[in-house]
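Colleague: Next comes the structure file start.cif, holding mmCIF, C-alpha atoms.
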```cif
data_run
loop_
_atom_site.label_atom_id
_atom_site.label_comp_id
_atom_site.auth_asym_id
_atom_site.auth_seq_id
_atom_site.Cartn_x
_atom_site.Cartn_y
_atom_site.Cartn_z
CA MET H 22 102.27 108.63 131.86
CA ASN H 23 99.70 110.24 129.59
CA ILE H 24 100.85 113.49 128.05
CA VAL H 25 98.01 115.77 127.01
CA TYR H 26 98.93 118.37 124.44
CA ASN H 27 96.87 121.50 124.20
CA THR H 28 95.44 120.73 120.78
CA GLY H 29 91.79 121.47 121.54
CA PHE H 30 90.89 117.96 120.34
CA PRO H 31 90.61 114.53 121.94
CA ALA H 32 94.27 113.81 122.67
CA GLU H 33 94.48 111.89 125.91
CA LYS H 34 95.36 108.21 125.61
CA GLY H 35 92.19 106.16 125.98
CA GLU H 36 89.90 109.11 125.31
CA LYS H 37 86.80 108.04 123.39
CA LEU H 38 85.93 109.89 120.20
CA SER H 39 82.35 110.88 119.54
CA THR H 40 80.73 108.03 117.63
CA LEU H 41 78.82 108.07 114.37
CA ARG H 42 75.91 105.81 113.47
CA ARG H 43 74.35 105.39 110.04
CA LYS H 44 71.99 103.04 108.26
CA ILE H 45 73.34 102.01 104.86
CA THR H 46 70.77 101.65 102.10
CA GLN H 47 70.97 100.34 98.53
CA ASP H 48 70.38 103.95 97.46
CA ASP H 49 73.58 104.95 99.33
CA ILE H 50 75.46 102.16 97.56
CA ASP H 51 74.10 103.16 94.15
CA LYS H 52 75.00 106.83 94.73
CA TYR H 53 78.49 105.84 95.86
CA SER H 54 78.87 103.67 92.73
CA ASN H 55 78.05 106.66 90.54
CA CYS H 56 80.39 108.91 92.51
CA SER H 57 83.33 106.50 92.48
CA GLY H 58 82.80 104.87 89.08
CA ASP H 59 82.97 101.48 90.83
CA HIS H 60 80.08 99.62 89.22
CA ASN H 61 81.17 96.18 90.44
CA PRO H 62 77.93 94.13 90.18
CA LEU H 63 78.59 92.77 93.66
CA HIS H 64 77.49 96.22 94.84
CA THR H 65 74.87 97.17 92.31
CA SER H 66 73.23 94.04 90.88
CA PRO H 67 71.01 92.02 93.24
CA GLU H 68 70.78 89.26 90.59
CA TYR H 69 74.56 88.90 90.30
CA ALA H 70 75.14 89.25 94.04
CA ALA H 71 72.54 86.55 94.80
CA GLY H 72 74.85 84.04 93.10
CA THR H 73 77.86 84.94 95.23
CA ARG H 74 78.77 83.74 98.72
CA PHE H 75 77.32 86.98 100.09
CA GLY H 76 73.83 86.23 98.76
CA SER H 77 73.04 89.92 98.34
CA THR H 78 74.65 93.18 97.33
CA ILE H 79 77.19 94.60 99.76
CA ALA H 80 78.50 98.12 100.39
CA HIS H 81 81.84 99.18 98.94
CA GLY H 82 84.68 99.00 101.45
CA MET H 83 85.59 102.60 100.67
CA LEU H 84 82.00 103.69 101.34
CA VAL H 85 82.26 102.25 104.85
CA LEU H 86 85.69 103.82 105.22
CA LYS H 87 84.15 107.20 104.33
CA LEU H 88 82.10 106.90 107.52
CA VAL H 89 85.34 106.58 109.50
CA GLU H 90 86.53 109.75 107.79
CA ASP H 91 83.26 111.45 108.76
CA MET H 92 83.82 110.46 112.39
CA MET H 93 87.38 111.83 112.29
CA LEU H 94 86.06 115.08 110.80
CA ASN H 95 83.43 115.31 113.54
CA ASN H 96 86.15 115.00 116.14
CA PHE H 97 89.06 116.88 114.58
CA GLY H 98 87.52 119.10 111.87
CA ARG H 99 89.76 120.55 109.19
CA LYS H 100 92.91 119.52 111.04
CA TRP H 101 92.27 115.97 109.91
CA LEU H 102 91.88 117.04 106.29
CA ASP H 103 95.16 118.98 106.34
CA GLY H 104 97.18 115.87 107.11
CA GLY H 105 96.11 112.46 108.24
CA GLY H 106 95.38 108.95 107.24
CA LEU H 107 93.66 105.64 107.78
CA GLU H 108 94.75 102.02 107.66
CA VAL H 109 92.12 99.31 108.07
CA ARG H 110 91.28 95.68 107.46
CA PHE H 111 87.82 94.84 106.18
CA LYS H 112 86.45 91.90 108.17
CA GLN H 113 82.71 91.64 107.44
CA PRO H 114 80.50 92.87 104.61
CA VAL H 115 77.89 95.56 105.17
CA TYR H 116 74.53 94.75 103.59
CA PRO H 117 71.85 97.25 102.56
CA GLY H 118 69.70 97.84 105.64
CA ASP H 119 72.58 97.34 108.11
CA THR H 120 73.09 100.08 110.68
CA VAL H 121 76.76 100.61 111.42
CA GLU H 122 78.42 102.45 114.26
CA VAL H 123 81.89 103.97 113.99
CA GLU H 124 83.87 104.28 117.19
CA GLY H 125 87.38 105.27 118.10
CA PHE H 126 89.78 105.82 120.97
CA VAL H 127 92.98 107.83 121.14
CA ASN H 128 95.78 105.28 121.45
CA ASN H 129 98.86 107.48 121.25
CA THR H 130 100.04 111.06 121.02
CA LEU H 131 103.50 111.93 119.79
CA ASN H 132 105.29 115.23 120.03
CA LEU H 133 107.24 115.34 116.77
CA THR H 134 109.34 118.15 115.38
CA GLY H 135 106.86 120.74 114.16
CA THR H 136 103.78 118.58 114.67
CA HIS H 137 101.72 116.67 117.18
CA ARG H 138 100.61 113.27 115.94
CA ILE H 139 97.42 111.80 117.37
CA SER H 140 96.76 108.12 116.58
CA CYS H 141 93.40 106.46 117.20
CA ASP H 142 92.21 102.88 117.21
CA ILE H 143 89.06 102.78 115.14
CA ARG H 144 86.46 100.18 114.32
CA VAL H 145 83.09 99.89 112.66
CA LEU H 146 80.48 97.62 114.20
CA LYS H 147 77.13 96.34 113.03
CA LYS H 148 74.37 94.43 114.79
CA ALA H 149 75.42 92.08 117.61
CA ASN H 150 78.74 93.92 117.79
CA GLU H 151 80.14 92.24 114.67
CA ILE H 152 83.31 94.05 113.61
CA VAL H 153 83.03 95.27 110.03
CA LEU H 154 86.46 96.86 109.92
CA SER H 155 89.19 97.78 112.35
CA GLY H 156 92.41 99.69 112.18
CA THR H 157 94.11 102.99 112.88
CA ALA H 158 93.47 106.60 111.99
CA TRP H 159 95.93 109.41 112.62
CA LEU H 160 96.39 113.10 112.09
CA ASN H 161 99.32 115.45 112.25
CA ILE H 162 98.58 118.82 113.81
CA ARG H 163 101.11 121.51 112.99
CA LYS H 164 102.39 123.33 116.05
CA GLU H 165 101.37 127.00 116.11
CA MET A 8 82.63 81.45 83.78
CA ILE A 9 86.26 80.74 84.61
CA LEU A 10 88.45 83.80 84.55
CA SER A 11 90.98 83.34 81.78
CA MET A 12 94.57 83.58 83.04
CA LYS A 13 95.45 85.96 80.22
CA LYS A 14 92.80 88.35 81.52
CA LEU A 15 94.37 88.54 84.97
CA PRO A 16 96.15 91.72 86.01
CA LEU A 17 99.92 91.53 85.71
CA SER A 18 102.17 91.34 88.73
CA GLY A 19 104.24 94.54 89.05
CA GLN A 20 102.24 96.30 86.36
CA ILE A 21 102.84 100.05 86.29
CA ILE A 22 99.71 102.07 85.61
CA PRO A 23 100.85 105.37 84.11
CA GLU A 24 99.38 108.68 85.16
CA VAL A 25 95.72 109.14 84.22
CA PRO A 26 94.06 112.56 84.35
CA PHE A 27 90.61 112.59 85.92
CA GLU A 28 88.25 115.54 85.98
CA LEU A 29 86.23 115.63 89.17
CA GLU A 30 82.67 116.63 88.40
CA ASP A 31 81.49 119.72 90.22
CA ASP A 32 79.11 117.58 92.23
CA SER A 33 79.61 119.19 95.62
CA HIS A 34 76.09 118.22 96.72
CA ASN A 35 76.89 114.52 96.53
CA CYS A 36 77.41 113.55 100.15
CA TRP A 37 79.71 110.71 99.13
CA LEU A 38 82.04 112.92 97.11
CA THR A 39 82.69 115.81 99.43
CA VAL A 40 83.59 115.89 103.09
CA TYR A 41 81.06 115.58 105.87
CA ARG A 42 78.88 118.62 106.23
CA CYS A 43 80.35 120.44 109.20
CA SER A 44 81.28 124.08 109.05
CA ASN A 45 84.84 123.71 110.26
CA THR A 46 85.72 121.60 107.22
CA MET A 47 84.87 124.37 104.76
CA VAL A 48 87.81 125.97 102.97
CA GLU A 49 86.99 129.40 101.54
CA ASN A 50 83.31 128.40 101.53
CA LYS A 51 84.00 125.32 99.40
CA LYS A 52 83.74 121.75 100.58
CA PRO A 53 86.87 119.73 99.72
CA VAL A 54 86.57 116.36 98.06
CA SER A 55 86.73 113.61 100.65
CA PRO A 56 90.21 111.99 100.59
CA THR A 57 88.56 108.61 101.11
CA ALA A 58 86.08 109.15 98.26
CA LEU A 59 88.91 110.37 96.03
CA SER A 60 90.93 107.26 96.90
CA GLY A 61 87.86 105.14 96.06
CA ILE A 62 87.59 106.82 92.65
CA CYS A 63 91.32 106.27 92.06
CA ILE A 64 91.15 102.59 93.03
CA ALA A 65 88.15 102.04 90.74
CA GLN A 66 89.88 103.74 87.80
CA LEU A 67 93.19 101.94 88.28
CA ALA A 68 91.46 98.59 88.84
CA ARG A 69 89.75 98.98 85.47
CA LEU A 70 93.06 99.80 83.76
CA ALA A 71 94.77 96.84 85.46
CA ASN A 72 92.05 94.39 84.30
CA ILE A 73 90.91 93.61 87.83
CA PRO A 74 87.71 91.58 87.34
CA ALA A 75 84.21 92.38 88.57
CA GLY A 76 83.39 90.55 91.76
CA SER A 77 86.69 91.47 93.42
CA ILE A 78 86.51 92.55 97.05
CA GLN A 79 88.70 94.79 99.15
CA THR A 80 90.34 93.33 102.26
CA HIS A 81 92.69 96.13 103.32
CA ALA A 82 93.14 99.84 102.66
CA ALA A 83 95.67 102.44 103.74
CA VAL A 84 95.37 106.09 102.73
CA ALA A 85 97.50 109.05 103.79
CA HIS A 86 96.58 112.54 102.65
CA THR A 87 98.44 115.83 102.81
CA GLY A 88 96.30 118.31 100.90
CA ASN A 89 92.84 119.23 99.69
CA VAL A 90 91.26 118.86 96.27
CA PHE A 91 87.99 120.53 95.20
CA PRO A 92 85.09 119.54 92.94
CA GLY A 93 85.74 120.70 89.38
CA GLU A 94 89.51 120.17 89.70
CA THR A 95 91.51 117.79 87.48
CA VAL A 96 93.52 115.24 89.43
CA TYR A 97 96.05 112.65 88.28
CA PHE A 98 95.99 109.00 89.30
CA SER A 99 98.89 106.59 89.00
CA GLY A 100 99.80 103.28 90.56
CA ARG A 101 101.21 99.83 90.26
CA THR A 102 100.16 96.34 91.13
CA GLY A 103 102.13 94.21 93.55
CA ARG A 104 102.59 90.43 93.54
CA LEU A 105 99.71 88.13 92.67
CA ILE A 106 99.30 85.41 95.29
CA LYS A 107 96.98 82.51 94.44
CA ARG A 108 95.28 81.02 97.47
CA GLY A 109 92.50 78.45 97.04
CA GLY A 110 89.84 79.84 94.72
CA VAL A 111 91.01 83.42 94.90
CA ILE A 112 93.98 85.60 94.05
CA LEU A 113 95.30 88.21 96.45
CA LEU A 114 96.58 91.37 94.81
CA THR A 115 98.05 94.52 96.35
CA MET A 116 97.82 97.82 94.50
CA LEU A 117 99.73 100.98 95.33
CA PHE A 118 98.35 104.32 94.20
CA GLU A 119 99.16 107.99 94.24
CA ILE A 120 97.00 111.03 93.52
CA HIS A 121 98.33 114.40 92.41
CA ASN A 122 96.34 117.63 92.35
CA SER A 123 95.95 119.95 89.35
CA ARG A 124 99.39 121.44 90.11
CA HIS A 125 100.87 117.92 90.02
CA GLU A 126 101.61 118.00 93.75
CA PRO A 127 101.08 114.69 95.58
CA VAL A 128 98.02 114.87 97.84
CA ILE A 129 97.28 111.21 98.58
CA ARG A 130 99.32 108.02 98.75
CA GLY A 131 97.79 104.69 99.51
CA ARG A 132 97.61 100.96 98.99
CA THR A 133 94.87 98.40 98.96
CA SER A 134 94.60 94.62 98.91
CA LEU A 135 92.00 92.92 96.77
CA LEU A 136 90.69 89.37 96.54
CA LEU A 137 90.06 88.47 92.93
CA PRO A 138 87.69 85.60 92.23
CA LEU A 139 89.03 82.86 89.97
CA GLU A 140 85.48 81.84 89.20
CA GLN A 141 82.37 83.94 88.88
CA GLY A 142 80.46 83.85 92.14
CA GLY A 143 83.59 83.60 94.22
CA GLY A 144 82.75 87.01 95.72
#
```
For this file, produce the structure as structure tokens.

Modeller:
Amino acid sequence: MNIVYNTGFPAEKGEKLSTLRRKITQDDIDKYSNCSGDHNPLHTSPEYAAGTRFGSTIAHGMLVLKLVEDMMLNNFGRKWLDGGGLEVRFKQPVYPGDTVEVEGFVNNTLNLTGTHRISCDIRVLKKANEIVLSGTAWLNIRKE
Amino acid sequence: MILSMKKLPLSGQIIPEVPFELEDDSHNCWLTVYRCSNTMVENKKPVSPTALSGICIAQLARLANIPAGSIQTHAAVAHTGNVFPGETVYFSGRTGRLIKRGGVILLTMLFEIHNSRHEPVIRGRTSLLLPLEQGGG
């Protein structure tokens, strides 16, 4: 039986979250490098990256994960910032020029002491439905 | 270039607390949270927990001698509070076991981030593949 708590957010098992789509550019990757301090040449140097098995620069995993966070914020707003988390496996690289789509579904809701916990299955796809990352995101909403 | 074994990060290495001043760069879309009004706290955009974790991982990886060309295979981040641009935060962590597999080494790193009041705001872990040879990705 699905239990729907009155949270004002997607909370019914199987409910689809609103998706997020974004094209990743080398400029995004460079800006993220400056922001994070991660200047791994695999992300920033086309010459270095050309000699690796990827053949080109790739986006930082945490940059792609930030898009999952953005999707969670679109769906749950500040409640997600106040207490939540993500756990993912990175499966495919994202190259500059790739358009990725973040999608998620509510997979469980738990009524815990003092909080509701909403867990979601999440994944990021790129062209031809290749899975870039998959995992779980959750948030704890304090009961009023 | 073959990565010298003495340059490898140590298994079980504790990385002591490192202060880090977040630049007041609230216009950088990768640093702060997504621009939607219900994420604003007292008219300030918090730093994205994922971006902050990315900064922490990059800083700790440098301190642990994790080589360029390493790639991330797994990440887990749990956050319990907000941090704002301009604030000083504190990173700490430790490396897990090094597992050699073929031409790469698998390394897990645990990390923790405290806010300017030294309260824990983020805990996480990540797994990295370290190339044994340059070009291993």

Colleague: If you count all atoms listed in the file, which residues fall within 6 Å of range 78-91 of chain A, apart from same-chain ones fewer than 6 positions away, as number ranges by chain?

Modeller: H: 103-111; A: 53-54, 128-136

Colleague: Since I can't run it myself right now, could you work out what the PyMOL selection byres ((chain A and resi 74) around 8) selects here and report it as a PyMOL selection string?

Modeller: chain A and resi 15+69+72-73+75-77+137-138

Colleague: Any idea what the distance is between CA of Cys56 in chain H and CA of Cys141 in chain H?

Modeller: 28.0 Å

Colleague: List the neighbours of Thr39 in chain A out to 9 Å using only C-alpha atoms; skip same-chain residues closer than 6 positions along the sequence, and give me the result as an NGL selection string.

Modeller: :A and (32-33 or 52-56 or 58-59 or 91-92)

Colleague: Run the PyMOL selection byres ((chain H and resi 78) around 7) against the file shown and list the residues it catches, as a PDB file with C-alpha atoms, in the frame of the given file.

Modeller:
```
ATOM      1  CA  LEU H  63      78.590  92.770  93.660  1.00  0.00           C
ATOM      2  CA  HIS H  64      77.490  96.220  94.840  1.00  0.00           C
ATOM      3  CA  THR H  65      74.870  97.170  92.310  1.00  0.00           C
ATOM      4  CA  SER H  66      73.230  94.040  90.880  1.00  0.00           C
ATOM      5  CA  PRO H  67      71.010  92.020  93.240  1.00  0.00           C
ATOM      6  CA  ALA H  70      75.140  89.250  94.040  1.00  0.00           C
ATOM      7  CA  SER H  77      73.040  89.920  98.340  1.00  0.00           C
ATOM      8  CA  ILE H  79      77.190  94.600  99.760  1.00  0.00           C
ATOM      9  CA  ALA H  80      78.500  98.120 100.390  1.00  0.00           C
ATOM     10  CA  TYR H 116      74.530  94.750 103.590  1.00  0.00           C
TER      11      TYR H 116
END
```

Colleague: Given the PyMOL selection byres ((chain A and resi 94-106) around 8) and the file above, list the residues it selects as a PyMOL selection string.

Modeller: chain A and resi 16-30+63+67+71+90-93+107-108+112-123+125

Colleague: Compute the chain H side of the contact with chain A at 9 Å, counting all atoms listed in the file, and hand it back as a PyMOL selection string.

Modeller: chain H and resi 49+52-53+56-64+69-75+81-84+86-88+90-92+94-95+98-100+102-112+159

Colleague: Just to confirm, what's the straight-line distance from CA of Pro117 in chain H to CA of Ser54 in chain H in Å (one decimal)?

Modeller: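 Computed distance, CA of Pro117 in chain H to CA of Ser54 in chain H, equals 13.7 Å.
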
Colleague: Quick check, in Å to one decimal: how far apart do CA of Lys51 in chain A and CA of Lys44 in chain H lie?

Modeller: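 So the two atoms, CA of Lys51 in chain A and CA of Lys44 in chain H, lie 26.8 Å apart.
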